[in-house]
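> As input, take final_39.txt (compact mmCIF, C-alpha atoms):
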# COMPACT_ATOMS: atom_id res chain seq x y z
CA MET A 1 0.00 0.00 0.00
CA GLU A 2 2.80 2.36 0.85
CA ASP A 3 4.44 1.54 -2.44
CA ARG A 4 1.30 2.57 -4.33
CA ASN A 5 1.13 5.88 -2.45
CA ASP A 6 4.76 6.48 -3.20
CA HIS A 7 3.93 6.27 -6.88
CA ARG A 8 0.93 8.56 -6.62
CA VAL A 9 2.92 11.57 -5.43
CA PRO A 10 5.34 11.76 -8.35
CA LEU A 11 2.50 10.95 -10.75
CA ALA A 12 0.45 13.81 -9.35
CA LEU A 13 3.43 16.14 -9.56
CA ALA A 14 4.07 15.06 -13.13
CA PHE A 15 0.41 15.67 -13.96
CA ILE A 16 0.49 19.16 -12.45
CA LEU A 17 3.76 19.90 -14.21
CA GLY A 18 2.25 18.71 -17.46
CA LEU A 19 -0.71 21.01 -16.97
CA VAL A 20 1.59 23.93 -16.31
CA LEU A 21 3.72 23.21 -19.35
CA LEU A 22 0.74 22.69 -21.63
CA ALA A 23 -1.14 25.70 -20.38
CA PRO A 24 -1.35 28.62 -22.82
CA PRO A 25 0.86 31.58 -22.04
CA ALA A 26 -0.53 34.18 -19.68
CA ARG A 27 -1.49 37.55 -21.09
CA ALA A 28 -0.49 39.63 -18.13
CA ASP A 29 1.12 42.27 -20.32
CA ASP A 30 -2.05 43.17 -22.19
CA GLY A 31 -4.25 43.95 -19.23
CA PRO A 32 -7.97 43.30 -19.18
CA PHE A 33 -9.64 43.47 -22.57
CA THR A 34 -12.09 46.34 -22.60
CA TRP A 35 -13.83 49.01 -24.64
CA PRO A 36 -11.75 51.37 -26.73
CA THR A 37 -12.49 54.95 -25.74
CA ASP A 38 -12.07 58.30 -27.39
CA VAL A 39 -12.70 60.42 -24.32
CA VAL A 40 -11.11 59.97 -20.91
CA VAL A 41 -12.27 61.83 -17.83
CA HIS A 42 -9.74 61.95 -15.06
CA ASP A 43 -11.70 62.52 -11.90
CA ASN A 44 -9.76 63.03 -8.72
CA PRO A 45 -10.03 65.16 -5.61
CA ASN A 46 -8.11 68.07 -7.08
CA ALA A 47 -9.58 68.57 -10.49
CA VAL A 48 -11.29 67.05 -13.47
CA VAL A 49 -9.35 66.73 -16.68
CA VAL A 50 -10.86 65.66 -19.96
CA GLN A 51 -8.81 64.06 -22.68
CA ALA A 52 -10.44 63.69 -26.04
CA ASP A 53 -8.85 62.36 -29.16
CA GLN A 54 -10.33 64.47 -31.91
CA GLN A 55 -7.73 63.80 -34.53
CA GLY A 56 -9.07 62.72 -37.86
CA SER A 57 -12.28 63.70 -39.48
CA ILE A 58 -15.63 62.45 -38.38
CA PRO A 59 -18.37 63.77 -40.59
CA GLY A 60 -20.71 66.03 -38.75
CA THR A 61 -18.89 66.01 -35.45
CA ILE A 62 -15.61 67.62 -34.55
CA SER A 63 -14.05 70.20 -36.79
CA SER A 64 -11.22 71.11 -34.43
CA SER A 65 -7.76 70.03 -35.45
CA GLY A 66 -6.62 69.82 -31.88
CA GLY A 67 -7.40 67.12 -29.38
CA GLY A 68 -9.18 67.88 -26.19
CA SER A 69 -8.32 71.51 -25.87
CA ASP A 70 -11.82 72.63 -26.70
CA CYS A 71 -13.61 70.13 -24.49
CA ARG A 72 -15.38 71.36 -21.40
CA LEU A 73 -17.73 70.17 -18.73
CA GLU A 74 -20.86 72.12 -17.98
CA PRO A 75 -23.16 71.56 -15.03
CA ASN A 76 -26.51 70.30 -16.15
CA GLY A 77 -29.05 73.03 -16.65
CA THR A 78 -32.11 71.43 -18.09
CA ILE A 79 -31.56 67.75 -18.36
CA GLY A 80 -33.88 65.13 -19.63
CA GLU A 81 -35.31 62.26 -17.69
CA ILE A 82 -32.97 60.22 -15.58
CA PHE A 83 -33.84 56.59 -15.09
CA VAL A 84 -32.03 54.97 -12.25
CA ASP A 85 -32.03 51.23 -12.11
CA SER A 86 -32.59 49.56 -8.83
CA PHE A 87 -28.86 49.18 -8.45
CA GLY A 88 -27.87 52.50 -10.03
CA ALA A 89 -25.87 54.40 -7.48
CA GLN A 90 -24.97 57.72 -9.07
CA LEU A 91 -27.67 59.79 -7.44
CA ASP A 92 -27.39 57.92 -4.17
CA GLN A 93 -23.73 58.85 -4.05
CA GLY A 94 -24.49 62.54 -4.42
CA LEU A 95 -23.05 62.72 -7.92
CA ASP A 96 -24.32 65.28 -10.39
CA PRO A 97 -24.47 64.90 -14.16
CA TYR A 98 -22.32 67.26 -16.22
CA PHE A 99 -22.53 67.71 -19.96
CA LEU A 100 -19.28 67.05 -21.78
CA TRP A 101 -18.94 69.37 -24.74
CA CYS A 102 -16.19 69.11 -27.33
CA GLY A 103 -16.45 71.93 -29.80
CA ASN A 104 -20.09 72.33 -30.65
CA GLU A 105 -21.04 68.74 -29.92
CA MET A 106 -22.35 67.38 -26.67
CA ARG A 107 -20.34 64.19 -26.39
CA GLY A 108 -22.01 62.75 -23.34
CA LEU A 109 -22.73 62.91 -19.65
CA VAL A 110 -20.27 62.38 -16.86
CA TRP A 111 -21.22 62.01 -13.23
CA LEU A 112 -19.08 63.93 -10.79
CA ASP A 113 -19.11 64.90 -7.18
CA PRO A 114 -19.77 68.66 -7.10
CA ASN A 115 -18.41 68.86 -3.58
CA ALA A 116 -15.08 67.21 -4.35
CA GLY A 117 -12.17 69.53 -3.71
CA GLY A 118 -11.77 71.95 -6.54
CA ALA A 119 -14.14 70.09 -8.80
CA SER A 120 -16.71 72.75 -9.42
CA PRO A 121 -14.51 75.78 -10.02
CA ALA A 122 -11.88 73.77 -11.86
CA LEU A 123 -14.19 71.81 -14.09
CA ASP A 124 -13.13 73.65 -17.20
CA PRO A 125 -10.34 71.47 -18.62
CA GLN A 126 -9.32 74.28 -20.94
CA THR A 127 -8.28 76.34 -17.95
CA ILE A 128 -6.33 73.46 -16.47
CA ALA A 129 -4.62 72.70 -19.74
CA MET A 130 -3.71 76.33 -20.36
CA HIS A 131 -2.26 76.54 -16.87
CA LEU A 132 -0.05 73.58 -17.69
CA ARG A 133 0.98 75.15 -20.96
CA ASP A 134 1.97 78.41 -19.35
CA GLN A 135 4.31 76.56 -17.02
CA ILE A 136 6.50 75.35 -19.85
CA PRO A 137 10.02 76.65 -19.30
CA VAL A 138 11.03 78.31 -22.56
CA PRO A 139 14.75 79.15 -22.68
CA ASN A 140 15.91 82.73 -22.95
CA ALA A 141 17.50 82.68 -26.35
CA ASP A 142 19.64 85.50 -27.75
CA ILE A 143 19.96 86.74 -31.28
CA LYS A 144 23.46 86.61 -32.69
CA ILE A 145 24.49 88.42 -35.89
CA ASN A 146 27.59 88.45 -38.02
CA PRO A 147 29.10 90.93 -38.65
CA ASN A 148 28.58 92.74 -35.37
CA ARG A 149 27.95 95.95 -37.25
CA GLY A 150 26.15 95.51 -40.53
CA LEU A 151 27.12 96.98 -43.85
CA VAL A 152 24.65 98.15 -46.43
CA GLY A 153 24.61 95.79 -49.37
CA VAL A 154 26.41 92.99 -47.55
CA ASP A 155 24.85 89.79 -46.21
CA SER A 156 24.29 89.70 -42.46
CA TRP A 157 23.96 86.24 -40.92
CA PHE A 158 21.53 85.69 -38.08
CA TRP A 159 21.11 82.80 -35.68
CA ILE A 160 19.73 82.00 -32.26
CA ASP A 161 22.06 81.36 -29.37
CA GLY A 162 21.06 79.47 -26.22
CA TYR A 163 18.51 77.16 -27.80
CA ASN A 164 19.11 74.49 -30.43
CA GLY A 165 15.49 74.00 -31.46
CA SER A 166 14.91 70.63 -29.79
CA PRO A 167 11.54 69.97 -28.10
CA ILE A 168 11.23 71.27 -24.57
CA GLU A 169 9.90 68.65 -22.19
CA GLU A 170 8.65 69.08 -18.69
CA SER A 171 6.81 66.79 -16.34
CA THR A 172 5.10 67.22 -13.06
CA ASN A 173 2.80 65.32 -10.77
CA ALA A 174 -0.07 67.75 -10.83
CA PHE A 175 -3.49 66.28 -9.98
CA GLY A 176 -1.78 63.32 -8.38
CA GLN A 177 -0.93 62.02 -11.82
CA ARG A 178 2.10 62.30 -14.03
CA VAL A 179 1.62 65.13 -16.47
CA GLU A 180 4.09 65.51 -19.33
CA VAL A 181 4.22 68.67 -21.36
CA GLU A 182 6.10 69.03 -24.62
CA ALA A 183 6.65 72.15 -26.69
CA SER A 184 8.19 72.07 -30.16
CA VAL A 185 9.06 75.07 -32.28
CA THR A 186 7.24 74.95 -35.56
CA ARG A 187 8.80 78.06 -37.06
CA TYR A 188 10.91 81.14 -36.38
CA GLU A 189 9.57 84.42 -37.70
CA TRP A 190 12.32 86.98 -38.19
CA SER A 191 11.74 90.71 -38.48
CA PHE A 192 14.85 92.63 -39.48
CA GLY A 193 13.64 96.08 -38.46
CA ASP A 194 13.62 97.54 -41.96
CA GLY A 195 10.23 96.12 -42.86
CA GLU A 196 11.60 92.84 -44.22
CA THR A 197 10.68 89.47 -42.68
CA LEU A 198 11.72 85.86 -43.05
CA VAL A 199 10.26 82.57 -41.79
CA ALA A 200 12.72 79.80 -40.95
CA LYS A 201 12.42 76.24 -39.73
CA THR A 202 15.73 76.20 -37.88
CA VAL A 203 17.63 78.35 -35.42
CA GLY A 204 20.24 79.10 -38.05
CA ARG A 205 23.95 78.35 -37.80
CA SER A 206 26.49 80.10 -35.65
CA TYR A 207 29.56 81.90 -37.00
CA PRO A 208 31.88 80.93 -38.68
CA HIS A 209 29.31 78.75 -40.43
CA ARG A 210 27.23 80.49 -42.99
CA SER A 211 23.75 80.76 -41.57
CA GLN A 212 20.73 80.06 -43.74
CA ILE A 213 19.10 83.08 -42.18
CA ARG A 214 20.51 86.04 -44.03
CA HIS A 215 19.45 89.56 -44.84
CA VAL A 216 20.86 92.43 -46.86
CA TYR A 217 20.08 95.94 -45.64
CA GLU A 218 19.63 98.58 -48.28
CA ARG A 219 19.92 101.57 -46.01
CA SER A 220 21.99 102.39 -42.98
CA SER A 221 20.46 102.65 -39.55
CA ALA A 222 21.64 106.21 -39.23
CA GLY A 223 18.93 108.16 -37.46
CA LEU A 224 17.94 105.20 -35.33
CA ALA A 225 19.29 105.43 -31.81
CA SER A 226 20.72 101.92 -31.52
CA GLY A 227 20.20 100.54 -34.98
CA TYR A 228 17.53 98.35 -36.52
CA GLN A 229 15.30 96.48 -34.08
CA VAL A 230 15.73 92.80 -35.00
CA GLU A 231 13.19 90.38 -33.60
CA VAL A 232 12.61 86.66 -33.84
CA SER A 233 9.36 85.08 -32.71
CA PHE A 234 9.36 81.39 -31.73
CA SER A 235 6.07 79.69 -32.49
CA PHE A 236 5.63 76.59 -30.33
CA SER A 237 3.16 73.79 -30.75
CA VAL A 238 2.33 72.41 -27.32
CA ARG A 239 0.87 69.14 -26.21
CA TYR A 240 0.49 67.21 -22.99
CA ARG A 241 -0.47 63.80 -21.77
CA ILE A 242 -1.47 62.24 -18.49
CA ASP A 243 -0.03 58.99 -17.19
CA GLY A 244 1.43 58.12 -20.56
CA GLY A 245 -1.91 58.41 -22.32
CA ARG A 246 -2.67 60.01 -25.63
CA TRP A 247 -1.04 63.32 -26.45
CA ILE A 248 -3.47 66.22 -26.35
CA GLU A 249 -2.83 69.33 -28.36
CA LEU A 250 -2.95 72.72 -26.71
CA PRO A 251 -3.09 76.13 -28.31
CA GLY A 252 0.42 77.14 -29.28
CA ILE A 253 2.53 79.79 -27.63
CA SER A 254 5.19 82.15 -28.89
CA ARG A 255 8.22 83.82 -27.41
CA VAL A 256 10.12 86.81 -28.79
CA ALA A 257 13.82 87.63 -28.67
CA GLU A 258 15.08 90.99 -29.89
CA THR A 259 18.23 93.01 -30.27
CA ALA A 260 19.41 96.24 -31.83
CA TYR A 261 21.60 96.01 -34.93
CA PRO A 262 23.49 99.02 -36.25
CA VAL A 263 24.05 99.08 -39.99
CA ARG A 264 26.38 101.56 -41.62
CA GLU A 265 27.00 102.52 -45.16
CA SER A 266 30.48 102.31 -46.60
CA GLN A 267 31.22 104.43 -49.65
CA SER A 268 34.33 104.46 -51.74
CA VAL A 269 35.84 107.90 -52.17
CA ILE A 270 37.72 108.51 -55.37
CA GLN A 271 40.25 111.26 -55.06
CA GLN A 272 41.96 112.91 -57.95
CA MET B 1 -49.60 -3.83 -5.12
CA SER B 2 -46.36 -5.57 -4.32
CA PRO B 3 -43.64 -3.76 -2.38
CA ARG B 4 -41.50 -3.72 -5.52
CA SER B 5 -44.19 -2.14 -7.70
CA ARG B 6 -45.02 0.37 -4.91
CA THR B 7 -41.38 1.36 -4.79
CA LEU B 8 -41.30 1.84 -8.54
CA THR B 9 -44.45 3.95 -8.43
CA VAL B 10 -43.13 6.20 -5.69
CA GLY B 11 -39.79 6.48 -7.47
CA GLY B 12 -41.54 7.40 -10.71
CA VAL B 13 -43.59 10.09 -9.00
CA LEU B 14 -40.50 11.54 -7.34
CA LEU B 15 -38.66 11.53 -10.64
CA ALA B 16 -41.57 13.30 -12.35
CA VAL B 17 -41.64 15.93 -9.59
CA LEU B 18 -37.91 16.44 -9.94
CA VAL B 19 -38.11 16.85 -13.72
CA ALA B 20 -41.06 19.22 -13.36
CA GLY B 21 -39.17 21.27 -10.77
CA LEU B 22 -36.14 21.55 -12.99
CA LEU B 23 -38.33 22.60 -15.92
CA VAL B 24 -40.07 25.28 -13.89
CA GLY B 25 -36.74 26.48 -12.60
CA PHE B 26 -35.28 26.82 -16.06
CA LEU B 27 -38.36 28.67 -17.30
CA ALA B 28 -38.25 31.02 -14.33
CA LEU B 29 -34.57 31.82 -14.90
CA GLY B 30 -35.20 32.34 -18.59
CA ASN B 31 -37.86 34.96 -17.88
CA ASP B 32 -35.70 36.90 -15.43
CA ASP B 33 -33.96 39.14 -17.95
CA ARG B 34 -32.86 41.61 -15.30
CA SER B 35 -31.30 39.15 -12.97
CA SER B 36 -27.70 39.94 -13.81
CA GLY B 37 -27.43 41.98 -16.97
CA THR B 38 -24.56 39.77 -18.02
CA THR B 39 -24.03 39.76 -21.74
CA THR B 40 -23.46 36.57 -23.63
CA SER B 41 -22.23 35.61 -27.01
CA PRO B 42 -23.59 34.94 -29.59
CA PRO B 43 -26.28 37.61 -29.50
CA VAL B 44 -29.93 36.81 -29.26
CA ALA B 45 -31.97 38.51 -31.94
CA THR B 46 -34.73 40.75 -30.63
CA SER B 47 -37.88 40.97 -32.63
CA THR B 48 -39.83 43.57 -30.69
CA THR B 49 -39.07 47.21 -30.02
CA PRO B 50 -40.47 48.69 -26.83
CA SER B 51 -42.36 51.94 -27.12
CA ASP B 52 -40.85 53.45 -23.99
CA PRO B 53 -37.73 55.43 -24.99
CA ARG B 54 -35.93 54.39 -21.87
CA ALA B 55 -36.61 50.76 -22.63
CA GLN B 56 -35.49 51.32 -26.20
CA VAL B 57 -32.20 52.76 -25.01
CA GLU B 58 -31.68 49.94 -22.55
CA GLN B 59 -32.41 47.33 -25.16
CA ALA B 60 -30.11 49.02 -27.67
CA TYR B 61 -27.35 49.34 -25.08
CA LEU B 62 -27.40 45.69 -24.07
CA ARG B 63 -27.75 44.71 -27.70
CA ALA B 64 -24.59 46.72 -28.47
CA TRP B 65 -22.69 44.63 -25.93
CA ASP B 66 -23.93 41.51 -27.71
CA VAL B 67 -22.95 42.87 -31.11
CA TRP B 68 -19.51 43.77 -29.80
CA ALA B 69 -19.19 40.31 -28.26
CA ASP B 70 -20.27 38.61 -31.47
CA ALA B 71 -17.76 40.61 -33.52
CA LEU B 72 -14.94 39.69 -31.17
CA VAL B 73 -15.72 35.99 -31.09
CA LYS B 74 -16.13 35.76 -34.86
CA LEU B 75 -13.44 38.40 -35.51
CA ASP B 76 -15.87 39.97 -37.95
CA ALA B 77 -16.62 43.69 -37.81
CA SER B 78 -19.31 43.66 -40.48
CA GLY B 79 -22.20 43.80 -38.02
CA LEU B 80 -20.93 46.60 -35.81
CA SER B 81 -22.73 49.38 -37.65
CA GLU B 82 -25.99 47.91 -36.39
CA SER B 83 -25.22 49.21 -32.91
CA PHE B 84 -22.41 51.74 -33.25
CA THR B 85 -21.93 54.98 -35.11
CA GLY B 86 -19.42 57.79 -35.52
CA ARG B 87 -16.17 57.69 -33.59
CA ALA B 88 -17.26 54.72 -31.51
CA LEU B 89 -17.82 52.68 -34.66
CA GLN B 90 -14.38 53.65 -35.94
CA LEU B 91 -12.66 52.69 -32.71
CA ILE B 92 -14.41 49.37 -32.28
CA THR B 93 -13.96 48.43 -35.91
CA ALA B 94 -10.26 49.07 -35.49
CA GLN B 95 -10.23 47.03 -32.29
CA VAL B 96 -11.87 44.04 -33.98
CA ALA B 97 -9.46 44.36 -36.90
CA GLU B 98 -6.55 44.35 -34.49
CA GLN B 99 -7.80 41.19 -32.80
CA LYS B 100 -8.34 39.62 -36.19
CA GLY B 101 -4.78 40.51 -37.14
CA LYS B 102 -3.61 38.72 -34.02
CA ASN B 103 -6.09 35.88 -34.64
CA GLN B 104 -7.24 36.24 -31.07
CA PRO B 105 -10.96 36.10 -30.33
CA VAL B 106 -12.32 37.49 -27.10
CA ARG B 107 -15.23 36.43 -24.95
CA ILE B 108 -17.19 39.41 -23.66
CA ARG B 109 -18.95 39.15 -20.31
CA ALA B 110 -19.99 41.84 -17.88
CA GLU B 111 -22.11 42.43 -14.83
CA HIS B 112 -23.88 45.72 -15.39
CA ASN B 113 -24.82 48.48 -13.01
CA TYR B 114 -26.09 51.37 -15.04
CA THR B 115 -28.05 54.57 -15.03
CA ILE B 116 -29.88 55.70 -18.14
CA THR B 117 -30.39 59.38 -18.90
CA LEU B 118 -32.34 60.80 -21.80
CA THR B 119 -30.91 64.23 -22.48
CA ASP B 120 -33.11 64.93 -25.47
CA ALA B 121 -35.19 63.07 -28.00
CA GLN B 122 -32.12 62.09 -29.99
CA THR B 123 -29.52 61.57 -27.28
CA ALA B 124 -29.20 59.28 -24.31
CA SER B 125 -26.47 58.34 -21.91
CA VAL B 126 -25.84 55.08 -20.14
CA ASP B 127 -23.47 55.38 -17.22
CA ASP B 128 -22.33 51.87 -16.39
CA ARG B 129 -20.19 50.70 -13.48
CA TYR B 130 -19.77 47.15 -14.63
CA ILE B 131 -17.57 44.25 -13.69
CA ASN B 132 -15.38 43.24 -16.59
CA HIS B 133 -15.17 39.49 -17.13
CA ASN B 134 -13.75 39.68 -20.67
CA VAL B 135 -11.16 37.04 -21.53
CA ARG B 136 -9.03 36.41 -24.58
CA LEU B 137 -9.58 33.02 -26.20
CA ASP B 138 -7.51 30.40 -27.90
CA PRO B 139 -8.48 30.70 -31.60
CA ASN B 140 -8.62 26.94 -32.05
CA THR B 141 -10.43 25.78 -28.95
CA LEU B 142 -12.17 29.07 -28.01
CA GLU B 143 -11.11 28.36 -24.46
CA PRO B 144 -9.89 31.23 -22.28
CA ILE B 145 -6.14 31.70 -22.25
CA GLU B 146 -6.19 34.08 -19.33
CA PRO B 147 -8.00 34.31 -16.01
CA ASP B 148 -11.23 36.25 -15.61
CA PRO B 149 -10.10 39.81 -14.78
CA ASP B 150 -13.15 40.37 -12.59
CA ASN B 151 -12.29 44.05 -12.87
CA PRO B 152 -14.60 46.95 -11.97
CA GLU B 153 -14.77 49.53 -14.77
CA HIS B 154 -16.69 52.72 -15.33
CA ARG B 155 -17.80 53.98 -18.73
CA SER B 156 -20.37 56.44 -19.96
CA PHE B 157 -21.89 55.51 -23.30
CA THR B 158 -23.59 58.18 -25.37
CA LEU B 159 -26.27 56.83 -27.67
CA LYS B 160 -27.66 58.73 -30.63
CA LEU B 161 -30.89 58.00 -32.42
CA VAL B 162 -29.81 57.32 -36.01
CA ASP B 163 -32.59 56.65 -38.49
CA GLY B 164 -34.81 55.37 -35.74
CA THR B 165 -32.17 53.16 -34.13
CA TRP B 166 -30.27 53.94 -30.94
CA LYS B 167 -26.54 53.51 -31.51
CA ILE B 168 -23.50 54.08 -29.34
CA ALA B 169 -21.65 57.14 -30.61
CA THR B 170 -19.18 57.98 -27.85
CA ILE B 171 -17.53 55.94 -25.11
CA ILE B 172 -16.23 57.95 -22.19
CA GLU B 173 -13.80 56.32 -19.80
CA TYR B 174 -13.52 57.38 -16.18
CA ARG B 175 -10.12 57.07 -14.52
Could you show the structure in this file as structure tokens?

Amino acid sequence: MEDRNDHRVPLALAFILGLVLLAPPARADDGPFTWPTDVVVHDNPNAVVVQADQQGSIPGTISSSGGGSDCRLEPNGTIGEIFVDSFGAQLDQGLDPYFLWCGNEMRGLVWLDPNAGGASPALDPQTIAMHLRDQIPVPNADIKINPNRGLVGVDSWFWIDGYNGSPIEESTNAFGQRVEVEASVTRYEWSFGDGETLVAKTVGRSYPHRSQIRHVYERSSAGLASGYQVEVSFSFSVRYRIDGGRWIELPGISRVAETAYPVRESQSVIQQ
Amino acid sequence: MSPRSRTLTVGGVLLAVLVAGLLVGFLALGNDDRSSGTTTSPPVATSTTPSDPRAQVEQAYLRAWDVWADALVKLDASGLSESFTGRALQLITAQVAEQKGKNQPVRIRAEHNYTITLTDAQTASVDDRYINHNVRLDPNTLEPIEPDPDNPEHRSFTLKLVDGTWKIATIIEYR
């Protein structure tokens, strides 16, 4: 009898091992299979943030090219009939329905606690998003020019010093979640002070390289106190995401750098 | 009547009572369509449309779960437009296509807990705090290859009345 039991243990172990080896691989990496969503409402004690993927064209719905920046939550004014199932708990929990608007379309209802900290006054996601955008640290770039004093009729080379044009990234843990903000320059708009302008995609190249951003002055800056007022405006596209989710576009921002540039006229004098 | 025949008679009566009880039980469970709200696959075709808008929305909502479930088991998106429209249709069509590309069917199951709101004659919202029991399946055996997630989830589904049919147009996720 003992011999038979001795055989049962290894047989049972072999059976279990066989089950383990034959079992299909686990899908722990994928997470639970669930509905795909195009709008995410982050509801937490500090604020409510709405993410909406509006990229692409959906006939008759969203015309905005951005994603989420024009979504907002509005407390219900006149709402239709609410049918609460026997186990529906929204009203019992003191939650109120808010309309979710993206652009001109009412996308749906979300139920939120109006008494949660900051929820009511901070419900406008546009305000929250703009606040994030305004916190982006944009470097203080300087305008550099060669030659230091311009000459009429001669190329002057311009470039930006202190910023190489790479995206500016910043992250914070606002709202108890990881918020990443990214700003990328889409173009540099130069104004040379004599009425001429130029739009560039790069910061230009520093001396002694020949910069792609060049300008020839036709008149001297005589009469101007410090010379021509040269300006460059950085136009940033800005986006953010929460907890590694979809990127959401924000309205762009711009920064301006300026400097004075004296330009003189050199004339040949022929003496007899 | 001999003891043997009496025993057979009593046994027969008991067996008949047992069968009758089981039959009644099955019928009673079949009529209790609100007992759990759990969706199953394949979908059951509905032939009647209730006149109450709220009932229409509820029927359309649960039907949408069935349509989604059917598409994911068969890996066939052709029937989705019956219950989905707009961006939701695009997203779910892409999801089914992705599963088809992976040759991985999914069994959809949920325990519902929803609130229905009619915002206007053309728009309704179903706010559902359901328990997700969805599992990915082996394409050959259609047996689950992962454990039941048994995961609470919260979604708000916006339904639009399109040509007389309620369809899910937007799916809002709460986090």
> I'd like the contact shell of B:Tyr130 - 9 Å cut-off, only C-alpha atoms, skipping same-chain residues fewer than 2 positions apart - returned as a CSV table (one decimal) with C-alpha atoms, in the coordinates of the input.

chain,number,residue,atom,x,y,z
B,110,ALA,CA,-20.0,41.8,-17.9
B,111,GLU,CA,-22.1,42.4,-14.8
B,112,HIS,CA,-23.9,45.7,-15.4
B,113,ASN,CA,-24.8,48.5,-13.0
B,114,TYR,CA,-26.1,51.4,-15.0
B,128,ASP,CA,-22.3,51.9,-16.4
B,132,ASN,CA,-15.4,43.2,-16.6
B,151,ASN,CA,-12.3,44.0,-12.9
B,152,PRO,CA,-14.6,47.0,-12.0
B,153,GLU,CA,-14.8,49.5,-14.8
B,154,HIS,CA,-16.7,52.7,-15.3
B,155,ARG,CA,-17.8,54.0,-18.7
> Atom CA of A:Ile168 to atom CA of A:Ala200: how many Å, to one decimal?
18.5 Å
> Point out the residue among A:Glu170, A:Asp142, A:Asp38, A:Glu189 with the least atom-to-atom distance to chain B, counting all atoms listed in the file.
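Checking each candidate against chain B, we get A:Asp38 as the closest.
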> May I have the residues within 9 Å of B:Tyr174 as number ranges by chain, using all atoms listed in the file and disregarding those fewer than 4 positions away in the same chain?
A: 39-43, 110; B: 153-156
> Looking at B:Gln99, B:Leu142, B:Arg87, B:Gln104, which one is nearest to chain A, with distances taken over all atoms listed in the file?
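Once distances to chain A are computed over all atoms listed in the file, the minimum belongs to B:Arg87.
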> Would you mind listing, for every residue of chain B within 8 Å of chain A, the two atoms forming the shortest contact and the distance between them in Å to one decimal, using all atoms listed in the file, sorted by chain and ascending residue number, as CSV?

residue,atom,partner,partner_atom,distance
B:Arg54,CA,A:Phe83,CA,7.4
B:Gly86,CA,A:Ile58,CA,6.7
B:Arg87,CA,A:Ile58,CA,6.8
B:Ala88,CA,A:Thr37,CA,7.5
B:Leu91,CA,A:Pro36,CA,6.2
B:Ile92,CA,A:Pro36,CA,6.5
B:Gln95,CA,A:Pro36,CA,7.2
B:Val106,CA,A:Phe33,CA,8.0
B:Asn113,CA,A:Gly88,CA,5.9
B:Tyr114,CA,A:Gly88,CA,5.4
B:Thr115,CA,A:Val84,CA,4.9
B:Ile116,CA,A:Phe83,CA,5.1
B:Thr117,CA,A:Ile82,CA,4.3
B:Leu118,CA,A:Gly80,CA,5.1
B:Thr119,CA,A:Gly80,CA,4.2
B:Asp120,CA,A:Gly80,CA,5.9
B:Ser125,CA,A:Leu109,CA,6.3
B:Asp127,CA,A:Val110,CA,7.7
B:Asn132,CA,A:Thr34,CA,7.5
B:Asn134,CA,A:Phe33,CA,5.9
B:Val135,CA,A:Phe33,CA,6.7
B:Arg136,CA,A:Phe33,CA,7.4
B:Ile145,CA,A:Pro24,CA,5.7
B:Glu146,CA,A:Ala26,CA,5.7
B:Pro149,CA,A:Pro32,CA,6.0
B:Asn151,CA,A:Pro32,CA,7.7
B:Ser156,CA,A:Val110,CA,6.7
B:Phe157,CA,A:Gly108,CA,7.2
B:Thr158,CA,A:Gly108,CA,5.2
B:Thr170,CA,A:Arg107,CA,6.5
B:Ile171,CA,A:Thr37,CA,5.2
B:Ile172,CA,A:Val39,CA,4.8
B:Glu173,CA,A:Val40,CA,4.7
B:Tyr174,CA,A:Val41,CA,4.9
B:Arg175,CA,A:His42,CA,4.9
> What is the distance, in Å and to one decimal place, between atom CA of A:Leu151 and atom CA of A:Ser220?
7.5 Å
> How big is the axis-aligned box around the listed atoms of stretch 254-259 of chain A once 8 Å is added on each side, and where is its centre? Give both in Å to one decimal, as AutoDock Vina command-line options.

--center_x 11.7 --center_y 87.6 --center_z -28.8 --size_x 29.0 --size_y 26.9 --size_z 18.9
> What does the distance from atom CA of B:Ser81 to atom CA of B:Ala97 come to in Å, to one decimal?
14.2 Å
> May I have the residues within 9 Å of A:Arg264 as a list in words, using only C-alpha atoms and disregarding those fewer than 3 positions away in the same chain?
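With the cut-off at 9 Å, the set is Arg149, Gly150, Leu151, Val152, Arg219, Ser220, Ser221 and Ala222 of chain A.
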> Might you pull out every residue within 7 Å of A:Thr186, with all atoms listed in the file counted and same-chain residues fewer than 2 positions away left off, and present them as a list in words?
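With the cut-off at 7 Å, the set is Ser184, Lys201, Ser235, Phe236 and Ser237 of chain A.
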